[in-house]
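What follows is a short report on a single structure.
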Amino acid sequence: MTKKRNNHKLFRLIFSLILIILQMVGIVLVGYTLLLFEGVETLYRILGIAVLVYFFLFFSYLLLRSVKKQSKISFIIPVILVVVLFLIEGAVFYYVTKVYKAIDNYSDSKNTYYSSIVSYDKTLKSEKDLINKKIGIVNDKDDIEGYILPNDLITELKLRENNEIKLYDSTLELLYALKNGNIDAAFFSRNYVDMFYSIEGYEDIEEETVVLYEGKKVYESNEEDIKSEGASLNKPFSMLLIGVDSSKDGVTSGYNADVLLLVTFNPKTLRATLTSVPRDMYLKTACSNGTYRRINTTTWGSSSSCAVQTIENIFDVDIDYYAKINFKGVVQLVDAVGGIDIDVPYSVCEQNSSRKWGSHTQYIEKGWQHLNGEQALAFARNRHKPNDGSKTGKAMAKYCANWTSGSRSDYSRGKNQMKVILGIVNAGTKMTDPNKVVNVLEIVKSNFQTNVKSKDLLSMYNLAKSIIVSDNTNIVNVQRMQLTGSSAWGKIYDTPSKSYPAVIIPYPGSISDIKKEIKANLKNTKLTSSKKISFDLNNLYKDTVIGTGSYSAQSIPTLKDFSSSSVSSIKSYASSHGLSVKFVDKATNQQVNINDYSEYTFSSQKEHKDTILDQVKSLTIYVKKKVVTQQTQSTETSTQQ
């Protein structure tokens with residue numbers, strides 16, 4: 001009996017020591033977790049560890065004391081308590097480190113980039129057929145997929161040995177050269193179809209071209225310098241949200257930035273601004289050497305830097321963070337949070353995330369709807385009506401003939417995108433299951449990237465604390481804003497693309513009003529009344545969208561058509577605009593000195609009419625010599641007689 005009792009004591013002792021060791025491991029794990037929360041006051045973290053140590057000592061004492069006692073209850077109770085505590089500590093460590101690692105994966109500085117050799121010549125089957133050909137690349141040493149990777153591939157494939165490599169100043173010039181046979185092949189991002197299909201003349205580029213080779217390589221990201229020095233989510237900050245238009249997974253390849261939303265947030269006043277910038281805004285970007293481009297092309301160089309710097313220049317604001325998500329990632333995200341609730345202003349009929357119609361067409365009725373991922377993306381992307389003249393409008397005519405209600409434009413799309421973002425945020429705040437949170441992070445991993453680190457998010461502890469301890473009237477106030485402008489479709493000739501793109505010139509007044517609101521939000525240190533509202537049942541309240549007022553259009557001088565101008569007026573025009581001018585005989589290609597059109601007539605002008613004037617440095621007028629006929633000579637002779 002004594003031996004059996006001793007065996008029980010030995011078993012209890014060994015089991016108790018194992019549990020004590022597990023407790024120690026649990027304390028170490030939770031202690032490490034607490035160290036990650038740098039934003040939490042050190043005193044609170046020390047107190048947390050002290051409490052864990054107290055429980056460790058107390059439960060250890062109960063376990064060791066139970067070894068001497070014969071009662072099973074005195075042993076089982078502390079065992080259960082220790083096991084429960086260890087499971088809690090393990091769960092805390094698991095979920096926190098899992099989320100921490102998942103978030104940091106989004107800001108990985110090393111990314112895989114892709115570049116494809118593309119040709120309009122379908123007799124070519126692979127890169128091995130490129131012999132004695134002209135191959136084009138972009139002359140931009142910062143462009144990973146347009147210059148850096150292509151040069152590496154050219155070396156690996158030994159393409160310089162039997163071919164001529166030609167450099168072009170812009171992606172559009174390279175595209176035009178390929179389309180018009182000036183070169184036989186060109187290097188583009190593997191997302192080139194998504195980048196170019198909306199450009200006039202390239203709607204069918206996927207069917208018209210062939211990919212001869214696709215290469216990939218891992219490079220260090222060139223987006224690390226975006227974050228402002230001293231930026232913190234505990235201080236007023238700004239973030240650029242970029243929606244990536246791509247039918248493929250991933251956000252590291254070149255793409256159109258079809259969604260640009262500038263967010264500012266002041267944690268002291270709990271006030272945010274959300275500014276939508278239409279993709280067709282036409283302006284001088286930060287990476288176009290002083291030339292005008294559509295703003296959605298600022299991400300063609302497979303980096304967010306140009307888009308960030310361009311938005312900074314427009315609104316005179318330092319952008320601290322960026323986040324970009326593929327449209328397929330939006331579908332995944334919405335589905336992962338269980339769908340979103342949206343007040344749909346008009347019935348929507350749209351293609352799906354892979355741009356497919358037929359059975360894939362998305363239909364959304366007007367009114368409050370619970371949308372899944374595909375529906376939410378369709379709602380956020382819609383801006384066309386059936387038969388509105390666009391390629392999408394023509395396709396819609398077959399599947400959406402009666403879905404014509406509502407005002408459709410880049411501006412309405414911007415409002416819809418804001419609704420989707422707020423819907424996702426609202427759905428995300430209702431998630432209480434940590435497994436679902438981790439699942440969301442894992443699902444969107446391949447289609448989302450940001451420079452926000454885990455420690456940045458954990459530093460928001462003070463913000464969360466201020467919201468909790470404040471009264472319930474102190475809620476986050478979101479001010480919606482929309483950059484607006486005047487349509488310049490058919491009025492401006494874009495030299496790189498050799499076309500008249502559908503573009504919008506931003507209103508200076510809209511920019512000014514948005515800038516004022518952004519600066520006020522980032523500088524305020526205490527909550528003030530931002531707006532006064534008055535409404536009744538006969539005059540329902542409508543939220544004011546800053547930037548959508550009545551503004552004067554900005555005038556961008558363009559080059560005139562000189563076909564009906566005299567020589568003297570051409571020279572006067574050139575002089576007043578600081579342009580050098582020369583007249584060239586089209587037949588001989590030799591410059592001629594003329595003062596009038598007595599011997600010559602106007603033939604053509606080298607610089608296309610409607611080209612933005614400040615992008616023109618010289619003016620070349622081609623002329624042709626007048627032909628003197630025999631009849632004219634005879635008439636002159638008769639007159640002399």
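Chain identifiers are assigned as A, B, and so on, following the order in which chains appear in the structure tokens; residues are numbered from 1 within each chain, and ligands are numbered from 1 in order of appearance.
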Contacts of Val317 of chain A at 9 Å (only C-alpha atoms; same-chain gap of 3+ positions) as a PDB file with C-alpha atoms, in the first residue's frame:
```
ATOM      1  CA  SER A 238      -2.011  59.896 -45.119  1.00  0.00           C
ATOM      2  CA  ILE A 311      -0.699  62.554 -55.816  1.00  0.00           C
ATOM      3  CA  GLU A 312       1.666  64.301 -53.399  1.00  0.00           C
ATOM      4  CA  ASN A 313       2.338  66.983 -56.031  1.00  0.00           C
ATOM      5  CA  ILE A 314      -1.354  67.479 -56.812  1.00  0.00           C
ATOM      6  CA  LYS A 515      -6.091  70.596 -50.414  1.00  0.00           C
ATOM      7  CA  ILE A 518      -6.629  67.715 -46.223  1.00  0.00           C
ATOM      8  CA  LYS A 519      -4.356  70.270 -44.568  1.00  0.00           C
TER       9      LYS A 519
END
```
Write out as a PDB file with N, CA and C atoms, in the first residue's frame all residues of segment 202-276 of chain A that DSSP puts in strand (DSSP E or B) for this structure's backbone.
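As written to disk, result-v2.pdb reads:
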```
ATOM      1  N   VAL A 210       1.218  38.080 -80.061  1.00  0.00           N
ATOM      2  CA  VAL A 210       1.671  36.774 -79.591  1.00  0.00           C
ATOM      3  C   VAL A 210       2.808  36.986 -78.586  1.00  0.00           C
ATOM      4  N   VAL A 211       2.814  36.195 -77.514  1.00  0.00           N
ATOM      5  CA  VAL A 211       3.879  36.256 -76.514  1.00  0.00           C
ATOM      6  C   VAL A 211       4.933  35.216 -76.883  1.00  0.00           C
ATOM      7  N   LEU A 212       6.137  35.693 -77.187  1.00  0.00           N
ATOM      8  CA  LEU A 212       7.212  34.796 -77.611  1.00  0.00           C
ATOM      9  C   LEU A 212       7.969  34.198 -76.434  1.00  0.00           C
ATOM     10  N   TYR A 213       7.989  34.931 -75.336  1.00  0.00           N
ATOM     11  CA  TYR A 213       8.741  34.446 -74.171  1.00  0.00           C
ATOM     12  C   TYR A 213       8.292  35.233 -72.943  1.00  0.00           C
ATOM     13  N   GLU A 214       8.248  34.563 -71.807  1.00  0.00           N
ATOM     14  CA  GLU A 214       7.957  35.242 -70.543  1.00  0.00           C
ATOM     15  C   GLU A 214       9.017  34.860 -69.514  1.00  0.00           C
ATOM     16  N   GLY A 215       9.664  35.858 -68.969  1.00  0.00           N
ATOM     17  CA  GLY A 215      10.693  35.618 -67.964  1.00  0.00           C
ATOM     18  C   GLY A 215      10.333  36.266 -66.649  1.00  0.00           C
ATOM     19  N   LYS A 216      10.899  35.761 -65.573  1.00  0.00           N
ATOM     20  CA  LYS A 216      10.641  36.318 -64.250  1.00  0.00           C
ATOM     21  C   LYS A 216      11.918  36.287 -63.411  1.00  0.00           C
ATOM     22  N   LYS A 217      11.953  37.188 -62.439  1.00  0.00           N
ATOM     23  CA  LYS A 217      13.122  37.262 -61.578  1.00  0.00           C
ATOM     24  C   LYS A 217      12.758  38.031 -60.318  1.00  0.00           C
ATOM     25  N   VAL A 218      13.416  37.692 -59.220  1.00  0.00           N
ATOM     26  CA  VAL A 218      13.169  38.369 -57.943  1.00  0.00           C
ATOM     27  C   VAL A 218      14.120  39.558 -57.816  1.00  0.00           C
ATOM     28  N   TYR A 219      13.548  40.723 -57.516  1.00  0.00           N
ATOM     29  CA  TYR A 219      14.337  41.934 -57.317  1.00  0.00           C
ATOM     30  C   TYR A 219      13.924  42.602 -56.006  1.00  0.00           C
ATOM     31  N   GLU A 220      14.819  43.408 -55.503  1.00  0.00           N
ATOM     32  CA  GLU A 220      14.497  44.225 -54.345  1.00  0.00           C
ATOM     33  C   GLU A 220      13.531  45.317 -54.786  1.00  0.00           C
ATOM     34  N   PHE A 237      -1.883  60.978 -40.376  1.00  0.00           N
ATOM     35  CA  PHE A 237      -1.150  60.343 -41.464  1.00  0.00           C
ATOM     36  C   PHE A 237      -1.994  60.312 -42.730  1.00  0.00           C
ATOM     37  N   SER A 238      -1.332  60.023 -43.836  1.00  0.00           N
ATOM     38  CA  SER A 238      -2.011  59.896 -45.119  1.00  0.00           C
ATOM     39  C   SER A 238      -1.624  58.567 -45.753  1.00  0.00           C
ATOM     40  N   MET A 239      -2.541  58.021 -46.530  1.00  0.00           N
ATOM     41  CA  MET A 239      -2.305  56.736 -47.208  1.00  0.00           C
ATOM     42  C   MET A 239      -2.956  56.771 -48.586  1.00  0.00           C
ATOM     43  N   LEU A 240      -2.251  56.230 -49.580  1.00  0.00           N
ATOM     44  CA  LEU A 240      -2.805  56.116 -50.921  1.00  0.00           C
ATOM     45  C   LEU A 240      -3.232  54.672 -51.160  1.00  0.00           C
ATOM     46  N   LEU A 241      -4.517  54.493 -51.446  1.00  0.00           N
ATOM     47  CA  LEU A 241      -5.051  53.174 -51.775  1.00  0.00           C
ATOM     48  C   LEU A 241      -5.109  53.037 -53.295  1.00  0.00           C
ATOM     49  N   ILE A 242      -4.503  51.979 -53.825  1.00  0.00           N
ATOM     50  CA  ILE A 242      -4.407  51.781 -55.269  1.00  0.00           C
ATOM     51  C   ILE A 242      -5.124  50.495 -55.643  1.00  0.00           C
ATOM     52  N   GLY A 243      -6.097  50.606 -56.532  1.00  0.00           N
ATOM     53  CA  GLY A 243      -6.788  49.435 -57.050  1.00  0.00           C
ATOM     54  C   GLY A 243      -6.160  48.995 -58.354  1.00  0.00           C
ATOM     55  N   VAL A 244      -5.662  47.772 -58.400  1.00  0.00           N
ATOM     56  CA  VAL A 244      -4.914  47.256 -59.541  1.00  0.00           C
ATOM     57  C   VAL A 244      -5.856  46.570 -60.521  1.00  0.00           C
ATOM     58  N   ASP A 245      -5.897  47.061 -61.761  1.00  0.00           N
ATOM     59  CA  ASP A 245      -6.724  46.444 -62.790  1.00  0.00           C
ATOM     60  C   ASP A 245      -5.905  45.365 -63.490  1.00  0.00           C
ATOM     61  N   ASN A 256      -2.605  49.052 -64.641  1.00  0.00           N
ATOM     62  CA  ASN A 256      -3.314  50.326 -64.593  1.00  0.00           C
ATOM     63  C   ASN A 256      -3.808  50.556 -63.173  1.00  0.00           C
ATOM     64  N   ALA A 257      -3.577  51.746 -62.662  1.00  0.00           N
ATOM     65  CA  ALA A 257      -4.094  52.110 -61.339  1.00  0.00           C
ATOM     66  C   ALA A 257      -5.490  52.689 -61.531  1.00  0.00           C
ATOM     67  N   ASP A 258      -6.470  51.821 -61.684  1.00  0.00           N
ATOM     68  CA  ASP A 258      -7.820  52.280 -62.003  1.00  0.00           C
ATOM     69  C   ASP A 258      -8.586  52.768 -60.788  1.00  0.00           C
ATOM     70  N   VAL A 259      -8.041  52.566 -59.603  1.00  0.00           N
ATOM     71  CA  VAL A 259      -8.619  53.143 -58.388  1.00  0.00           C
ATOM     72  C   VAL A 259      -7.508  53.870 -57.637  1.00  0.00           C
ATOM     73  N   LEU A 260      -7.703  55.138 -57.400  1.00  0.00           N
ATOM     74  CA  LEU A 260      -6.758  55.938 -56.617  1.00  0.00           C
ATOM     75  C   LEU A 260      -7.550  56.689 -55.551  1.00  0.00           C
ATOM     76  N   LEU A 261      -7.360  56.304 -54.304  1.00  0.00           N
ATOM     77  CA  LEU A 261      -8.064  56.923 -53.185  1.00  0.00           C
ATOM     78  C   LEU A 261      -7.046  57.406 -52.161  1.00  0.00           C
ATOM     79  N   LEU A 262      -7.060  58.693 -51.910  1.00  0.00           N
ATOM     80  CA  LEU A 262      -6.168  59.273 -50.918  1.00  0.00           C
ATOM     81  C   LEU A 262      -6.903  59.394 -49.588  1.00  0.00           C
ATOM     82  N   VAL A 263      -6.374  58.739 -48.578  1.00  0.00           N
ATOM     83  CA  VAL A 263      -6.984  58.746 -47.242  1.00  0.00           C
ATOM     84  C   VAL A 263      -6.104  59.550 -46.297  1.00  0.00           C
ATOM     85  N   THR A 264      -6.703  60.441 -45.533  1.00  0.00           N
ATOM     86  CA  THR A 264      -5.996  61.075 -44.419  1.00  0.00           C
ATOM     87  C   THR A 264      -6.781  60.794 -43.149  1.00  0.00           C
ATOM     88  N   PHE A 265      -6.054  60.597 -42.060  1.00  0.00           N
ATOM     89  CA  PHE A 265      -6.723  60.291 -40.793  1.00  0.00           C
ATOM     90  C   PHE A 265      -6.012  60.993 -39.656  1.00  0.00           C
ATOM     91  N   ASN A 266      -6.807  61.633 -38.805  1.00  0.00           N
ATOM     92  CA  ASN A 266      -6.272  62.307 -37.629  1.00  0.00           C
ATOM     93  C   ASN A 266      -6.741  61.549 -36.393  1.00  0.00           C
ATOM     94  N   ARG A 271     -11.056  61.964 -37.216  1.00  0.00           N
ATOM     95  CA  ARG A 271     -11.650  62.442 -38.458  1.00  0.00           C
ATOM     96  C   ARG A 271     -10.821  61.972 -39.645  1.00  0.00           C
ATOM     97  N   ALA A 272     -11.505  61.537 -40.702  1.00  0.00           N
ATOM     98  CA  ALA A 272     -10.828  61.030 -41.892  1.00  0.00           C
ATOM     99  C   ALA A 272     -11.362  61.727 -43.132  1.00  0.00           C
ATOM    100  N   THR A 273     -10.516  61.843 -44.146  1.00  0.00           N
ATOM    101  CA  THR A 273     -10.957  62.297 -45.465  1.00  0.00           C
ATOM    102  C   THR A 273     -10.669  61.173 -46.456  1.00  0.00           C
ATOM    103  N   LEU A 274     -11.534  61.044 -47.432  1.00  0.00           N
ATOM    104  CA  LEU A 274     -11.406  59.999 -48.446  1.00  0.00           C
ATOM    105  C   LEU A 274     -11.593  60.657 -49.804  1.00  0.00           C
ATOM    106  N   THR A 275     -10.490  60.808 -50.557  1.00  0.00           N
ATOM    107  CA  THR A 275     -10.512  61.530 -51.828  1.00  0.00           C
ATOM    108  C   THR A 275     -10.353  60.579 -53.004  1.00  0.00           C
ATOM    109  N   SER A 276     -11.303  60.614 -53.925  1.00  0.00           N
ATOM    110  CA  SER A 276     -11.240  59.780 -55.121  1.00  0.00           C
ATOM    111  C   SER A 276     -10.646  60.585 -56.275  1.00  0.00           C
TER     112      SER A 276
END
```
Pick the closest to Lys134 of chain A from A:Arg160, A:Arg480, A:Lys166, A:Lys179: which is it, counting only C-alpha atoms?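 Using only C-alpha atoms, the shortest distance to Lys134 of chain A belongs to A:Lys166.
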Nearest-residue call for Leu377 of chain A, choices A:Asp140, A:Glu350, A:Asp456, A:Asp614, using only C-alpha atoms: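 Once distances to Leu377 of chain A are computed over only C-alpha atoms, the minimum belongs to A:Glu350.
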Backbone DSSP call of helix (DSSP H, G or I) for segment 377-503 of chain A, listed as JSON, numbers by chain: {"A": [377, 378, 379, 380, 381, 391, 392, 393, 394, 395, 396, 397, 398, 399, 410, 411, 412, 413, 414, 415, 416, 417, 418, 419, 420, 421, 422, 423, 424, 425, 426, 427, 428, 429, 434, 435, 436, 437, 438, 439, 440, 441, 442, 443, 445, 446, 447, 454, 455, 456, 457, 458, 461, 462, 463, 464, 465, 466, 467, 468, 469]}
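When the distance limit is 8 Å and only C-alpha atoms are what count, the residues near segment 327-338 of chain A, minus those fewer than 2 positions from it on the same chain, are A:Gly243, A:Val244, A:Asp245, A:Ser246, A:Ser247, A:Lys248, A:Asp249, A:Ile325, A:Ile340, A:Ser353, A:Asn372, A:Gly373, A:Glu374, A:Ala376, A:Leu377, A:Ile424, A:Ala427, A:Gly428, A:Met431, A:Lys436, A:Asn439, A:Val440, A:Ile443, A:Val444, A:Ser446, A:Asn447, A:Phe448.
Between atom CA of Thr291 of chain A and atom CA of Gln615 of chain A lies a distance of 6.7 Å.
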